[in-house]
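Coordinates from model_14.tsv are shown below (TSV, C-alpha atoms).
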chain	number	residue	atom	x	y	z
I	1	GLY	CA	120.07	-7.17	117.54
I	2	TRP	CA	117.06	-9.34	116.83
I	3	THR	CA	119.22	-11.84	114.94
I	4	HIS	CA	121.08	-12.82	118.10
I	5	VAL	CA	117.82	-13.25	120.00
I	6	ALA	CA	116.40	-15.46	117.23
I	7	ILE	CA	119.53	-17.62	117.25
I	8	GLY	CA	119.35	-18.03	121.02
I	9	VAL	CA	115.68	-18.99	120.95
I	10	ALA	CA	116.25	-21.50	118.13
I	11	LEU	CA	119.20	-23.20	119.86
I	12	VAL	CA	117.39	-23.38	123.20
I	13	THR	CA	114.39	-24.93	121.44
I	14	PHE	CA	116.59	-27.52	119.74
I	15	CYS	CA	118.15	-28.36	123.11
I	16	PHE	CA	114.76	-28.67	124.77
I	17	SER	CA	113.52	-30.95	121.97
I	18	MET	CA	116.01	-33.59	123.10
I	19	THR	CA	113.41	-34.47	125.74
I	20	TRP	CA	111.06	-35.84	123.07
I	21	THR	CA	113.31	-36.66	120.11
I	22	SER	CA	112.85	-40.00	118.36
I	23	ALA	CA	116.54	-40.04	117.42
I	24	PRO	CA	119.23	-41.91	119.37
I	25	LEU	CA	121.16	-39.68	121.76
I	26	ASN	CA	124.33	-39.59	119.65
I	27	GLU	CA	122.39	-38.50	116.55
I	28	ALA	CA	120.49	-35.86	118.50
I	29	LEU	CA	123.73	-34.45	119.88
I	30	GLY	CA	125.33	-34.61	116.44
I	31	SER	CA	122.54	-32.58	114.88
I	32	LEU	CA	122.56	-30.12	117.76
I	33	SER	CA	126.27	-29.56	117.22
I	34	LYS	CA	125.62	-28.81	113.54
I	35	TYR	CA	123.26	-25.99	114.49
I	36	GLY	CA	125.87	-24.72	116.91
I	37	LYS	CA	127.53	-23.01	113.94
I	38	LEU	CA	124.83	-20.34	114.24
I	39	LEU	CA	126.79	-19.05	117.24
I	40	LEU	CA	129.44	-17.88	114.78
I	41	ILE	CA	127.17	-14.96	113.87
I	42	PRO	CA	127.02	-13.33	117.34
I	43	LEU	CA	130.61	-14.40	118.07
I	44	ILE	CA	131.98	-12.54	115.03
I	45	PHE	CA	129.72	-9.60	115.87
I	46	VAL	CA	131.20	-9.39	119.37
I	47	LEU	CA	134.83	-9.88	118.32
I	48	ILE	CA	134.78	-7.11	115.69
I	49	LYS	CA	135.01	-3.84	117.60
I	50	ASP	CA	134.68	-1.18	114.91
I	51	ARG	CA	134.12	-0.51	111.22
I	52	ARG	CA	137.85	-0.61	110.46
I	53	GLU	CA	138.17	-4.17	111.81
I	54	ALA	CA	135.02	-5.20	109.96
I	55	CYS	CA	136.42	-3.86	106.68
I	56	ILE	CA	139.73	-5.67	107.17
I	57	ALA	CA	137.95	-8.95	107.96
I	58	LEU	CA	135.60	-8.57	105.00
I	59	GLY	CA	138.50	-7.73	102.71
I	60	VAL	CA	140.44	-10.85	103.76
I	61	PHE	CA	137.27	-12.90	103.35
I	62	ALA	CA	136.79	-11.54	99.81
I	63	LEU	CA	140.41	-12.29	98.87
I	64	PHE	CA	140.06	-15.92	99.91
I	65	GLN	CA	136.82	-16.21	97.96
I	66	LEU	CA	138.60	-14.74	94.94
I	67	PHE	CA	141.31	-17.38	95.36
I	68	LEU	CA	138.55	-20.00	95.21
I	69	ILE	CA	137.16	-18.49	92.00
I	70	VAL	CA	140.58	-18.37	90.35
I	71	SER	CA	141.23	-21.99	91.34
I	72	SER	CA	137.94	-23.05	89.77
I	73	TRP	CA	138.88	-21.28	86.53
I	74	LEU	CA	142.23	-23.08	86.56
I	75	LEU	CA	140.42	-26.42	86.87
I	76	PHE	CA	138.17	-25.42	84.00
I	77	PHE	CA	141.20	-24.81	81.77
I	78	ASN	CA	142.82	-28.07	82.94
I	79	PHE	CA	145.65	-26.45	84.86
I	80	PRO	CA	147.00	-28.47	87.80
I	81	VAL	CA	145.50	-27.33	91.10
I	82	PRO	CA	147.27	-29.42	93.78
I	83	TRP	CA	145.37	-27.76	96.63
I	84	ALA	CA	141.98	-28.87	95.27
I	85	THR	CA	140.49	-31.43	97.67
I	86	ALA	CA	136.94	-31.80	96.33
I	87	PRO	CA	135.76	-35.36	95.60
I	88	SER	CA	136.27	-36.60	92.05
I	89	ASN	CA	132.57	-36.25	91.21
I	90	ALA	CA	132.68	-32.60	92.29
I	91	ARG	CA	135.77	-31.98	90.16
I	92	VAL	CA	133.59	-32.66	87.13
I	93	GLY	CA	131.80	-29.45	88.05
I	94	ASN	CA	135.11	-27.60	88.62
I	95	ALA	CA	134.65	-27.39	92.39
I	96	VAL	CA	137.82	-26.86	94.42
I	97	PHE	CA	137.20	-27.72	98.07
I	98	SER	CA	133.52	-28.53	98.51
I	99	SER	CA	130.93	-29.16	95.78
I	100	TYR	CA	129.79	-27.25	92.72
I	101	LEU	CA	126.50	-26.66	94.54
I	102	ASP	CA	128.21	-24.87	97.43
I	103	GLN	CA	130.74	-23.08	95.29
I	104	GLY	CA	128.16	-21.68	92.88
I	105	ILE	CA	126.25	-20.06	95.73
I	106	MET	CA	129.45	-18.73	97.28
I	107	ALA	CA	130.63	-17.24	93.98
I	108	ALA	CA	127.28	-15.55	93.42
I	109	ILE	CA	127.44	-13.99	96.87
I	110	LEU	CA	131.01	-12.78	96.28
I	111	ALA	CA	129.85	-11.08	93.09
I	112	SER	CA	127.02	-9.41	94.97
I	113	LEU	CA	129.28	-8.16	97.77
I	114	CYS	CA	131.83	-6.80	95.30
I	115	TRP	CA	129.10	-4.89	93.52
I	116	HIS	CA	127.49	-3.39	96.61
I	117	PHE	CA	130.80	-2.46	98.26
I	118	ARG	CA	132.55	-1.32	95.07
I	119	SER	CA	132.90	2.26	96.31
I	120	MET	CA	134.79	1.10	99.41
I	121	VAL	CA	137.64	-0.63	97.59
I	122	PRO	CA	140.75	1.57	97.95
I	123	GLY	CA	142.72	3.05	95.11
I	124	VAL	CA	141.98	4.97	91.95
I	125	TYR	CA	140.90	1.78	90.21
I	126	GLY	CA	139.30	0.13	93.26
I	127	ARG	CA	135.76	0.43	91.96
I	128	TYR	CA	136.74	-1.09	88.61
I	129	ILE	CA	138.60	-3.94	90.31
I	130	ALA	CA	135.53	-4.77	92.42
I	131	VAL	CA	133.23	-4.76	89.39
I	132	SER	CA	135.71	-6.91	87.45
I	133	VAL	CA	135.83	-9.47	90.27
I	134	ALA	CA	132.01	-9.52	90.32
I	135	ILE	CA	131.93	-10.23	86.59
I	136	ILE	CA	134.58	-12.96	86.85
I	137	ALA	CA	132.63	-14.58	89.69
I	138	LEU	CA	129.34	-14.52	87.76
I	139	LEU	CA	130.97	-15.94	84.66
I	140	ASN	CA	132.31	-18.72	86.87
I	141	VAL	CA	128.80	-19.46	88.13
I	142	PHE	CA	127.15	-19.54	84.70
I	143	PHE	CA	129.89	-20.94	82.46
I	144	VAL	CA	132.15	-23.05	84.70
I	145	LEU	CA	130.09	-24.46	87.59
I	146	ILE	CA	127.03	-26.63	87.09
I	147	GLY	CA	125.21	-26.15	90.40
I	148	ARG	CA	121.58	-25.30	89.73
I	149	SER	CA	121.14	-23.67	93.13
I	150	GLY	CA	124.07	-21.38	92.32
I	151	HIS	CA	122.45	-20.43	89.01
I	152	LEU	CA	119.18	-19.54	90.74
I	153	VAL	CA	120.90	-17.58	93.51
I	154	ALA	CA	123.01	-15.64	91.01
I	155	ILE	CA	119.96	-14.71	88.95
I	156	ALA	CA	118.13	-13.57	92.09
I	157	LEU	CA	121.04	-11.43	93.27
I	158	ILE	CA	121.50	-9.85	89.84
I	159	SER	CA	117.78	-9.04	89.81
I	160	LEU	CA	118.01	-7.40	93.24
I	161	ALA	CA	121.07	-5.38	92.22
I	162	ILE	CA	119.31	-4.12	89.09
I	163	MET	CA	116.17	-3.30	91.07
I	164	TRP	CA	118.11	-1.19	93.58
I	165	GLU	CA	119.73	0.77	90.74
I	166	LEU	CA	116.38	1.58	89.16
I	167	PRO	CA	114.18	4.54	90.16
I	168	LYS	CA	111.50	3.40	92.60
I	169	ARG	CA	108.69	3.78	90.07
I	170	TYR	CA	110.36	1.15	87.86
I	171	ARG	CA	111.16	-1.38	90.56
I	172	VAL	CA	108.08	-3.42	89.73
I	173	ALA	CA	110.34	-4.83	87.00
I	174	ILE	CA	111.77	-7.16	89.66
I	175	LEU	CA	108.70	-9.33	89.05
I	176	PHE	CA	109.87	-10.10	85.53
I	177	LEU	CA	113.64	-9.74	85.76
I	178	PRO	CA	114.45	-13.26	87.06
I	179	LEU	CA	112.54	-14.93	84.22
I	180	VAL	CA	114.08	-12.65	81.59
I	181	LEU	CA	117.57	-13.26	83.00
I	182	MET	CA	117.01	-17.01	83.18
I	183	LEU	CA	115.89	-17.18	79.56
I	184	SER	CA	118.71	-14.90	78.40
I	185	ILE	CA	121.45	-16.75	80.27
I	186	SER	CA	120.15	-20.16	79.17
I	187	VAL	CA	120.56	-19.02	75.56
I	188	ILE	CA	124.23	-18.06	75.95
I	189	SER	CA	125.35	-20.59	78.58
I	190	PRO	CA	125.36	-24.28	77.61
I	191	LYS	CA	125.80	-25.32	81.25
I	192	VAL	CA	122.74	-23.43	82.42
I	193	ARG	CA	120.74	-24.68	79.44
I	194	ASP	CA	121.76	-28.29	80.06
I	195	ARG	CA	120.92	-28.08	83.77
I	196	ILE	CA	117.47	-26.63	83.05
I	197	SER	CA	116.84	-29.41	80.54
I	198	ASN	CA	118.10	-31.93	83.06
I	199	VAL	CA	115.67	-30.73	85.73
I	200	LYS	CA	112.79	-30.86	83.24
I	201	SER	CA	113.55	-34.44	82.26
I	202	GLU	CA	114.02	-35.52	85.89
I	203	LEU	CA	110.69	-34.05	86.92
I	204	GLN	CA	108.88	-35.52	83.93
I	205	GLY	CA	110.33	-38.93	84.68
I	206	PHE	CA	109.48	-38.86	88.38
I	207	THR	CA	106.44	-40.69	89.65
I	208	PHE	CA	106.17	-41.29	93.36
I	209	THR	CA	105.35	-44.84	94.30
I	210	GLU	CA	105.83	-46.31	97.74
I	211	GLY	CA	107.99	-49.11	96.40
I	212	ALA	CA	110.27	-46.90	94.32
I	213	SER	CA	113.95	-46.81	95.18
I	214	VAL	CA	115.38	-43.50	96.30
I	215	VAL	CA	118.99	-44.62	96.41
I	216	ASN	CA	119.40	-44.84	92.63
I	217	GLY	CA	117.07	-41.97	91.82
I	218	THR	CA	117.85	-38.68	90.11
I	219	SER	CA	118.82	-35.55	92.04
I	220	SER	CA	115.33	-34.07	91.65
I	221	GLY	CA	113.65	-37.43	92.31
I	222	ILE	CA	115.58	-37.98	95.54
I	223	ARG	CA	114.61	-34.53	96.76
I	224	LEU	CA	110.94	-35.06	95.97
I	225	HIS	CA	111.01	-38.43	97.73
I	226	PHE	CA	112.67	-36.90	100.80
I	227	TRP	CA	110.23	-33.99	100.86
I	228	HIS	CA	107.28	-36.39	100.69
I	229	ARG	CA	108.60	-38.32	103.68
I	230	ALA	CA	109.28	-35.09	105.56
I	231	ILE	CA	105.70	-33.93	105.07
I	232	GLN	CA	104.44	-37.35	106.20
I	233	SER	CA	106.50	-37.06	109.37
I	234	MET	CA	105.25	-33.54	110.03
I	235	ALA	CA	101.66	-34.68	109.52
I	236	GLU	CA	102.10	-37.18	112.35
I	237	ARG	CA	103.63	-34.63	114.76
I	238	PRO	CA	102.62	-31.24	113.38
I	239	ILE	CA	103.09	-28.98	116.38
I	240	PHE	CA	106.49	-29.74	117.95
I	241	GLY	CA	107.92	-32.33	115.57
I	242	SER	CA	110.00	-35.40	116.33
I	243	GLY	CA	112.90	-33.65	118.03
I	244	VAL	CA	116.41	-32.62	117.11
I	245	GLY	CA	118.32	-35.07	114.90
I	246	SER	CA	115.21	-37.10	114.08
I	247	TRP	CA	115.17	-36.80	110.29
I	248	SER	CA	117.13	-39.98	109.51
I	249	THR	CA	115.18	-41.96	112.09
I	250	GLU	CA	111.87	-40.67	110.76
I	251	PHE	CA	112.75	-41.30	107.13
I	252	ASN	CA	113.90	-44.86	107.79
I	253	ARG	CA	110.80	-45.56	109.91
I	254	LEU	CA	108.46	-44.30	107.21
I	255	GLU	CA	110.32	-46.25	104.55
I	256	GLN	CA	109.95	-49.45	106.58
I	257	LYS	CA	106.30	-48.72	107.19
I	258	ASN	CA	105.22	-47.69	103.69
I	259	SER	CA	107.59	-49.33	101.23
I	260	SER	CA	107.82	-52.97	100.20
I	261	THR	CA	111.47	-52.35	99.23
I	262	PRO	CA	112.56	-49.81	101.84
I	263	ASP	CA	115.73	-47.79	101.47
I	264	SER	CA	117.59	-46.34	104.40
I	265	ILE	CA	119.83	-43.33	104.88
I	266	ALA	CA	122.78	-42.89	107.17
I	267	PRO	CA	122.49	-41.08	110.51
I	268	LEU	CA	122.66	-37.28	110.47
I	269	GLY	CA	121.21	-37.14	106.95
I	270	ASN	CA	118.92	-34.36	105.77
I	271	PRO	CA	115.98	-33.94	103.35
I	272	HIS	CA	117.79	-31.36	101.20
I	273	GLN	CA	115.41	-28.65	102.33
I	274	GLU	CA	116.09	-26.55	105.44
I	275	TYR	CA	112.49	-25.49	106.02
I	276	LEU	CA	111.23	-29.08	106.06
I	277	LEU	CA	114.18	-30.20	108.16
I	278	TRP	CA	113.21	-27.74	110.90
I	279	GLY	CA	109.60	-28.83	110.41
I	280	VAL	CA	110.39	-32.51	110.95
I	281	GLN	CA	112.43	-31.77	114.06
I	282	LEU	CA	110.31	-29.00	115.61
I	283	GLY	CA	107.01	-29.10	113.73
I	284	LEU	CA	105.27	-25.94	112.61
I	285	ALA	CA	106.97	-24.19	115.50
I	286	GLY	CA	110.30	-25.04	113.88
I	287	ILE	CA	109.32	-23.57	110.52
I	288	LEU	CA	108.16	-20.41	112.29
I	289	LEU	CA	111.45	-20.28	114.20
I	290	PHE	CA	113.43	-20.51	110.98
I	291	LEU	CA	111.31	-17.85	109.29
I	292	GLY	CA	111.75	-15.74	112.42
I	293	PHE	CA	115.52	-16.13	112.11
I	294	LEU	CA	115.41	-14.93	108.50
I	295	GLY	CA	113.05	-12.10	109.42
I	296	SER	CA	115.29	-10.95	112.27
I	297	ILE	CA	118.24	-10.60	109.89
I	298	PHE	CA	116.09	-8.53	107.53
I	299	HIS	CA	114.91	-6.37	110.45
I	300	ASP	CA	118.47	-5.71	111.65
I	301	ALA	CA	119.53	-4.81	108.10
I	302	LEU	CA	116.96	-2.01	107.98
I	303	LYS	CA	119.00	-0.05	110.53
I	304	MET	CA	122.18	-0.09	108.40
I	305	ASP	CA	123.49	2.21	105.68
I	306	SER	CA	122.38	1.32	102.17
I	307	MET	CA	125.54	-0.56	101.14
I	308	ALA	CA	125.55	-2.82	104.18
I	309	ALA	CA	121.75	-3.23	104.16
I	310	ARG	CA	121.66	-4.31	100.51
I	311	SER	CA	124.56	-6.70	101.07
I	312	VAL	CA	122.86	-8.33	104.06
I	313	GLN	CA	119.56	-8.56	102.21
I	314	SER	CA	121.29	-10.12	99.20
I	315	VAL	CA	122.94	-12.78	101.36
I	316	LEU	CA	119.61	-13.32	103.10
I	317	ALA	CA	117.89	-13.82	99.72
I	318	ALA	CA	120.59	-16.30	98.73
I	319	LEU	CA	120.07	-18.19	101.99
I	320	ALA	CA	116.29	-18.25	101.65
I	321	ILE	CA	116.49	-19.54	98.06
I	322	GLY	CA	119.25	-22.06	98.76
I	323	CYS	CA	117.29	-23.50	101.67
I	324	LEU	CA	114.43	-24.39	99.33
I	325	PHE	CA	116.62	-27.05	97.70
I	326	ASN	CA	119.28	-27.85	100.30
I	327	SER	CA	119.75	-27.95	104.05
I	328	ILE	CA	122.09	-24.97	103.96
I	329	ILE	CA	122.42	-24.22	107.68
I	330	TYR	CA	122.66	-27.91	108.60
I	331	ASP	CA	125.40	-28.66	106.05
I	332	ALA	CA	128.94	-28.16	107.27
I	333	LEU	CA	130.80	-26.15	104.64
I	334	ILE	CA	128.12	-23.96	103.06
I	335	GLY	CA	126.47	-23.47	106.46
I	336	ASP	CA	129.73	-22.18	107.93
I	337	PHE	CA	130.14	-19.88	104.93
I	338	PHE	CA	126.75	-18.26	105.47
I	339	CYS	CA	127.26	-17.84	109.21
I	340	VAL	CA	130.67	-16.20	108.71
I	341	THR	CA	129.35	-13.96	105.93
I	342	LEU	CA	126.34	-12.82	107.94
I	343	GLY	CA	128.48	-12.29	111.03
I	344	LEU	CA	130.87	-10.05	109.10
I	345	LEU	CA	128.12	-8.07	107.40
I	346	LEU	CA	126.10	-7.57	110.58
I	347	ALA	CA	129.25	-6.41	112.37
I	348	LEU	CA	130.03	-3.98	109.56
I	349	GLY	CA	126.49	-2.67	109.42
I	350	SER	CA	126.32	-2.17	113.18
I	351	HIS	CA	129.08	0.44	112.90
I	352	ASN	CA	127.31	2.51	110.28
I	353	HIS	CA	127.54	5.55	112.55
I	354	GLN	CA	131.27	5.62	111.83
I	355	LYS	CA	132.99	6.82	108.65
I	356	GLN	CA	131.90	5.20	105.43
I	357	SER	CA	135.55	4.72	104.45
I	358	CYS	CA	137.66	2.01	106.02
I	359	GLU	CA	140.93	3.47	107.18
I	360	LEU	CA	144.16	1.88	108.31
I	361	GLY	CA	146.00	4.79	109.82
I	362	ASP	CA	146.55	7.01	106.78
I	363	ASP	CA	145.63	4.30	104.29
I	364	LYS	CA	142.42	2.59	103.38
I	365	SER	CA	141.87	-1.07	103.98
I	366	ILE	CA	140.84	-3.58	101.43
I	367	ALA	CA	137.09	-4.13	101.39
I	368	ALA	CA	135.07	-5.85	98.75
Rewritten as structure tokens:
Amino acid sequence: GWTHVAIGVALVTFCFSMTWTSAPLNEALGSLSKYGKLLLIPLIFVLIKDRREACIALGVFALFQLFLIVSSWLLFFNFPVPWATAPSNARVGNAVFSSYLDQGIMAAILASLCWHFRSMVPGVYGRYIAVSVAIIALLNVFFVLIGRSGHLVAIALISLAIMWELPKRYRVAILFLPLVLMLSISVISPKVRDRISNVKSELQGFTFTEGASVVNGTSSGIRLHFWHRAIQSMAERPIFGSGVGSWSTEFNRLEQKNSSTPDSIAPLGNPHQEYLLWGVQLGLAGILLFLGFLGSIFHDALKMDSMAARSVQSVLAALAIGCLFNSIIYDALIGDFFCVTLGLLLALGSHNHQKQSCELGDDKSIAA
């Protein structure tokens, strides 16, 4: 499909940009390897031969995500979770293996998949089990985890799910649903309310000055500082950027040039915004490549049955929103999650000419 073509073009362009990158060779290669995870999408697509295999893989995937949700709830209720390996600061947000930012997005996507594939779960009570898992996952996002990106993604996916259930003449409500949901959830969820208040105070207290320190800044302040530097870098090389892996080099250079008390970031850092990261490395061409990648996934989803199409489009919406505040594809754990999820869904959707049920001999497989 078009998704595989877009991935190939993007990776070839990143490779070619090594001829003009401002980054040291080891950093350029390190960044290139991070984008290599995109190959998981066509690899999974090729390895899964039919709809039955896709359903089995998706079912196993959903079970492991459910294990993650249950583990997070156990942390919330102060039960011992010896397999939790998240850093101590992430444990404050009840994250298990990664961070509350990653886990909130992952939980929201699990809820969305359970909802859209609820009719495919086997058994008399399969549909009810899927809906129950979706509710448990959403409650985890809004009442247990504190990741603001996860809150936004969950609200967006709920809005899409409601829109698709409405008659077409009422779907204009999608314009107002996110705001209504945000206000409603902030009233009943202290964590969401506190995070919204926190963002407001961080933005009100942020004033960009060239001598300001970014190291000890707030989460929102650091992002705004990074985004400012990214735009400065793009302004200097707007067409083809500074090459793969150049973000850390460019940020440190601009800090040295424009700040009387420059900060520096470690190699292979990122500006916490995927669009700008591609823009720094590949210029406007890079941003167009990334938008083309997102557009190709949407295009391929249009050829699928409604369940698979809505699931792919929901994950795509989550990716597009998450990339506004984080370098989702570049990051290791959450980037791998999205590539695996999209690979599974594209593989499932490509076999939409087969039976809608997922059969294992005489039985049905688990699919969420």
So that I can check the surroundings of range 19-24 of chain I, please list as a PDB file with C-alpha atoms, in the coordinates of the input every protein, DNA and RNA residue that reaches within 10 Å of it, counting all atoms listed in the file and ignoring chain neighbours fewer than 5 positions away.
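As written to disk, part_16.pdb reads:
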ATOM      1  CA  PHE I  14     116.590 -27.520 119.740  1.00  0.00           C
ATOM      2  CA  LEU I  29     123.730 -34.450 119.880  1.00  0.00           C
ATOM      3  CA  GLY I  30     125.330 -34.610 116.440  1.00  0.00           C
ATOM      4  CA  SER I  31     122.540 -32.580 114.880  1.00  0.00           C
ATOM      5  CA  PHE I 240     106.490 -29.740 117.950  1.00  0.00           C
ATOM      6  CA  GLY I 241     107.920 -32.330 115.570  1.00  0.00           C
ATOM      7  CA  SER I 242     110.000 -35.400 116.330  1.00  0.00           C
ATOM      8  CA  GLY I 243     112.900 -33.650 118.030  1.00  0.00           C
ATOM      9  CA  VAL I 244     116.410 -32.620 117.110  1.00  0.00           C
ATOM     10  CA  GLY I 245     118.320 -35.070 114.900  1.00  0.00           C
ATOM     11  CA  SER I 246     115.210 -37.100 114.080  1.00  0.00           C
ATOM     12  CA  TRP I 247     115.170 -36.800 110.290  1.00  0.00           C
ATOM     13  CA  SER I 248     117.130 -39.980 109.510  1.00  0.00           C
ATOM     14  CA  THR I 249     115.180 -41.960 112.090  1.00  0.00           C
ATOM     15  CA  GLU I 250     111.870 -40.670 110.760  1.00  0.00           C
ATOM     16  CA  PRO I 267     122.490 -41.080 110.510  1.00  0.00           C
ATOM     17  CA  LEU I 268     122.660 -37.280 110.470  1.00  0.00           C
ATOM     18  CA  GLN I 281     112.430 -31.770 114.060  1.00  0.00           C
ATOM     19  CA  LEU I 282     110.310 -29.000 115.610  1.00  0.00           C
TER      20      LEU I 282
END
Tell me, counting all atoms listed in the file, for each residue of range 144-230 of chain I within 12 Å of range 116-136 of chain I, which pair of atoms is nearest and how far apart they are in Å to one decimal, in rows ordered by chain and increasing number, as a Markdown table.
| residue | atom | partner | partner_atom | distance |
| --- | --- | --- | --- | --- |
| I:Val144 | CA | I:Ile136 | CA | 10.6 |
| I:Ala154 | CA | I:Ala134 | CA | 10.9 |
| I:Leu157 | CA | I:His116 | CA | 10.8 |
| I:Ile158 | CA | I:Ala134 | CA | 10.5 |
| I:Leu160 | CA | I:His116 | CA | 10.8 |
| I:Ala161 | CA | I:His116 | CA | 8.0 |
| I:Ile162 | CA | I:His116 | CA | 11.1 |
| I:Trp164 | CA | I:His116 | CA | 10.1 |
| I:Glu165 | CA | I:His116 | CA | 10.6 |
> Which value, in Å to one decimal, gives the distance between CA of His299 in chain I and CA of Val315 in chain I?
Replying inline: 13.7 Å
>> At a cut-off of 9 Å, using only C-alpha atoms, what residues contact range 44-48 of chain I? Leave out same-chain residues fewer than 4 positions from it and give the result as a PyMOL selection string.
In response: chain I and resi 39-40+52-54+57+340+343-348+350
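Interatomic distance, CA of Ser149 in chain I against CA of Ile321 in chain I: 7.9 Å.
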>> Taking 2 positions as the minimum chain separation for residues in the same chain, which residues sit within 8 Å of Arg148 in chain I when counting all atoms listed in the file? Answer as a PyMOL selection string.
In response: chain I and resi 101+146+150-152+192+195-196
Would you mind completing range 249-263 of chain I so that it carries N, CA, C and O atoms, and writing it out as a PDB file, in the frame of the given file?
ATOM      1  N   THR I 249     116.015 -40.969 111.412  1.00  0.00           N
ATOM      2  CA  THR I 249     115.180 -41.960 112.090  1.00  0.00           C
ATOM      3  C   THR I 249     113.772 -41.968 111.514  1.00  0.00           C
ATOM      4  O   THR I 249     113.194 -43.039 111.257  1.00  0.00           O
ATOM      5  N   GLU I 250     113.218 -40.780 111.302  1.00  0.00           N
ATOM      6  CA  GLU I 250     111.870 -40.670 110.760  1.00  0.00           C
ATOM      7  C   GLU I 250     111.787 -41.181 109.328  1.00  0.00           C
ATOM      8  O   GLU I 250     110.852 -41.897 108.964  1.00  0.00           O
ATOM      9  N   PHE I 251     112.761 -40.834 108.518  1.00  0.00           N
ATOM     10  CA  PHE I 251     112.750 -41.300 107.130  1.00  0.00           C
ATOM     11  C   PHE I 251     112.821 -42.816 107.080  1.00  0.00           C
ATOM     12  O   PHE I 251     112.037 -43.467 106.365  1.00  0.00           O
ATOM     13  N   ASN I 252     113.743 -43.402 107.814  1.00  0.00           N
ATOM     14  CA  ASN I 252     113.900 -44.860 107.790  1.00  0.00           C
ATOM     15  C   ASN I 252     112.660 -45.557 108.338  1.00  0.00           C
ATOM     16  O   ASN I 252     112.247 -46.611 107.835  1.00  0.00           O
ATOM     17  N   ARG I 253     112.030 -44.971 109.350  1.00  0.00           N
ATOM     18  CA  ARG I 253     110.800 -45.560 109.910  1.00  0.00           C
ATOM     19  C   ARG I 253     109.679 -45.543 108.880  1.00  0.00           C
ATOM     20  O   ARG I 253     108.973 -46.547 108.697  1.00  0.00           O
ATOM     21  N   LEU I 254     109.516 -44.409 108.204  1.00  0.00           N
ATOM     22  CA  LEU I 254     108.460 -44.300 107.210  1.00  0.00           C
ATOM     23  C   LEU I 254     108.717 -45.177 106.001  1.00  0.00           C
ATOM     24  O   LEU I 254     107.786 -45.710 105.385  1.00  0.00           O
ATOM     25  N   GLU I 255     109.985 -45.346 105.638  1.00  0.00           N
ATOM     26  CA  GLU I 255     110.320 -46.250 104.550  1.00  0.00           C
ATOM     27  C   GLU I 255     109.947 -47.690 104.919  1.00  0.00           C
ATOM     28  O   GLU I 255     109.376 -48.419 104.108  1.00  0.00           O
ATOM     29  N   GLN I 256     110.289 -48.095 106.124  1.00  0.00           N
ATOM     30  CA  GLN I 256     109.950 -49.450 106.580  1.00  0.00           C
ATOM     31  C   GLN I 256     108.440 -49.655 106.639  1.00  0.00           C
ATOM     32  O   GLN I 256     107.930 -50.729 106.308  1.00  0.00           O
ATOM     33  N   LYS I 257     107.748 -48.617 107.014  1.00  0.00           N
ATOM     34  CA  LYS I 257     106.300 -48.720 107.190  1.00  0.00           C
ATOM     35  C   LYS I 257     105.543 -48.724 105.867  1.00  0.00           C
ATOM     36  O   LYS I 257     104.560 -49.459 105.711  1.00  0.00           O
ATOM     37  N   ASN I 258     106.012 -47.932 104.896  1.00  0.00           N
ATOM     38  CA  ASN I 258     105.220 -47.690 103.690  1.00  0.00           C
ATOM     39  C   ASN I 258     105.767 -48.299 102.414  1.00  0.00           C
ATOM     40  O   ASN I 258     105.104 -48.264 101.389  1.00  0.00           O
ATOM     41  N   SER I 259     106.984 -48.839 102.447  1.00  0.00           N
ATOM     42  CA  SER I 259     107.590 -49.330 101.230  1.00  0.00           C
ATOM     43  C   SER I 259     107.848 -50.834 101.320  1.00  0.00           C
ATOM     44  O   SER I 259     108.314 -51.333 102.343  1.00  0.00           O
ATOM     45  N   SER I 260     107.546 -51.536 100.236  1.00  0.00           N
ATOM     46  CA  SER I 260     107.820 -52.970 100.200  1.00  0.00           C
ATOM     47  C   SER I 260     109.312 -53.239  99.963  1.00  0.00           C
ATOM     48  O   SER I 260     109.819 -54.307 100.285  1.00  0.00           O
ATOM     49  N   THR I 261     110.008 -52.243  99.408  1.00  0.00           N
ATOM     50  CA  THR I 261     111.470 -52.350  99.230  1.00  0.00           C
ATOM     51  C   THR I 261     112.114 -51.114  99.843  1.00  0.00           C
ATOM     52  O   THR I 261     112.580 -50.210  99.133  1.00  0.00           O
ATOM     53  N   PRO I 262     112.115 -51.042 101.166  1.00  0.00           N
ATOM     54  CA  PRO I 262     112.560 -49.810 101.840  1.00  0.00           C
ATOM     55  C   PRO I 262     114.038 -49.527 101.638  1.00  0.00           C
ATOM     56  O   PRO I 262     114.867 -50.424 101.622  1.00  0.00           O
ATOM     57  N   ASP I 263     114.353 -48.256 101.461  1.00  0.00           N
ATOM     58  CA  ASP I 263     115.730 -47.790 101.470  1.00  0.00           C
ATOM     59  C   ASP I 263     116.011 -47.193 102.846  1.00  0.00           C
ATOM     60  O   ASP I 263     115.095 -46.916 103.620  1.00  0.00           O
TER      61      ASP I 263
END
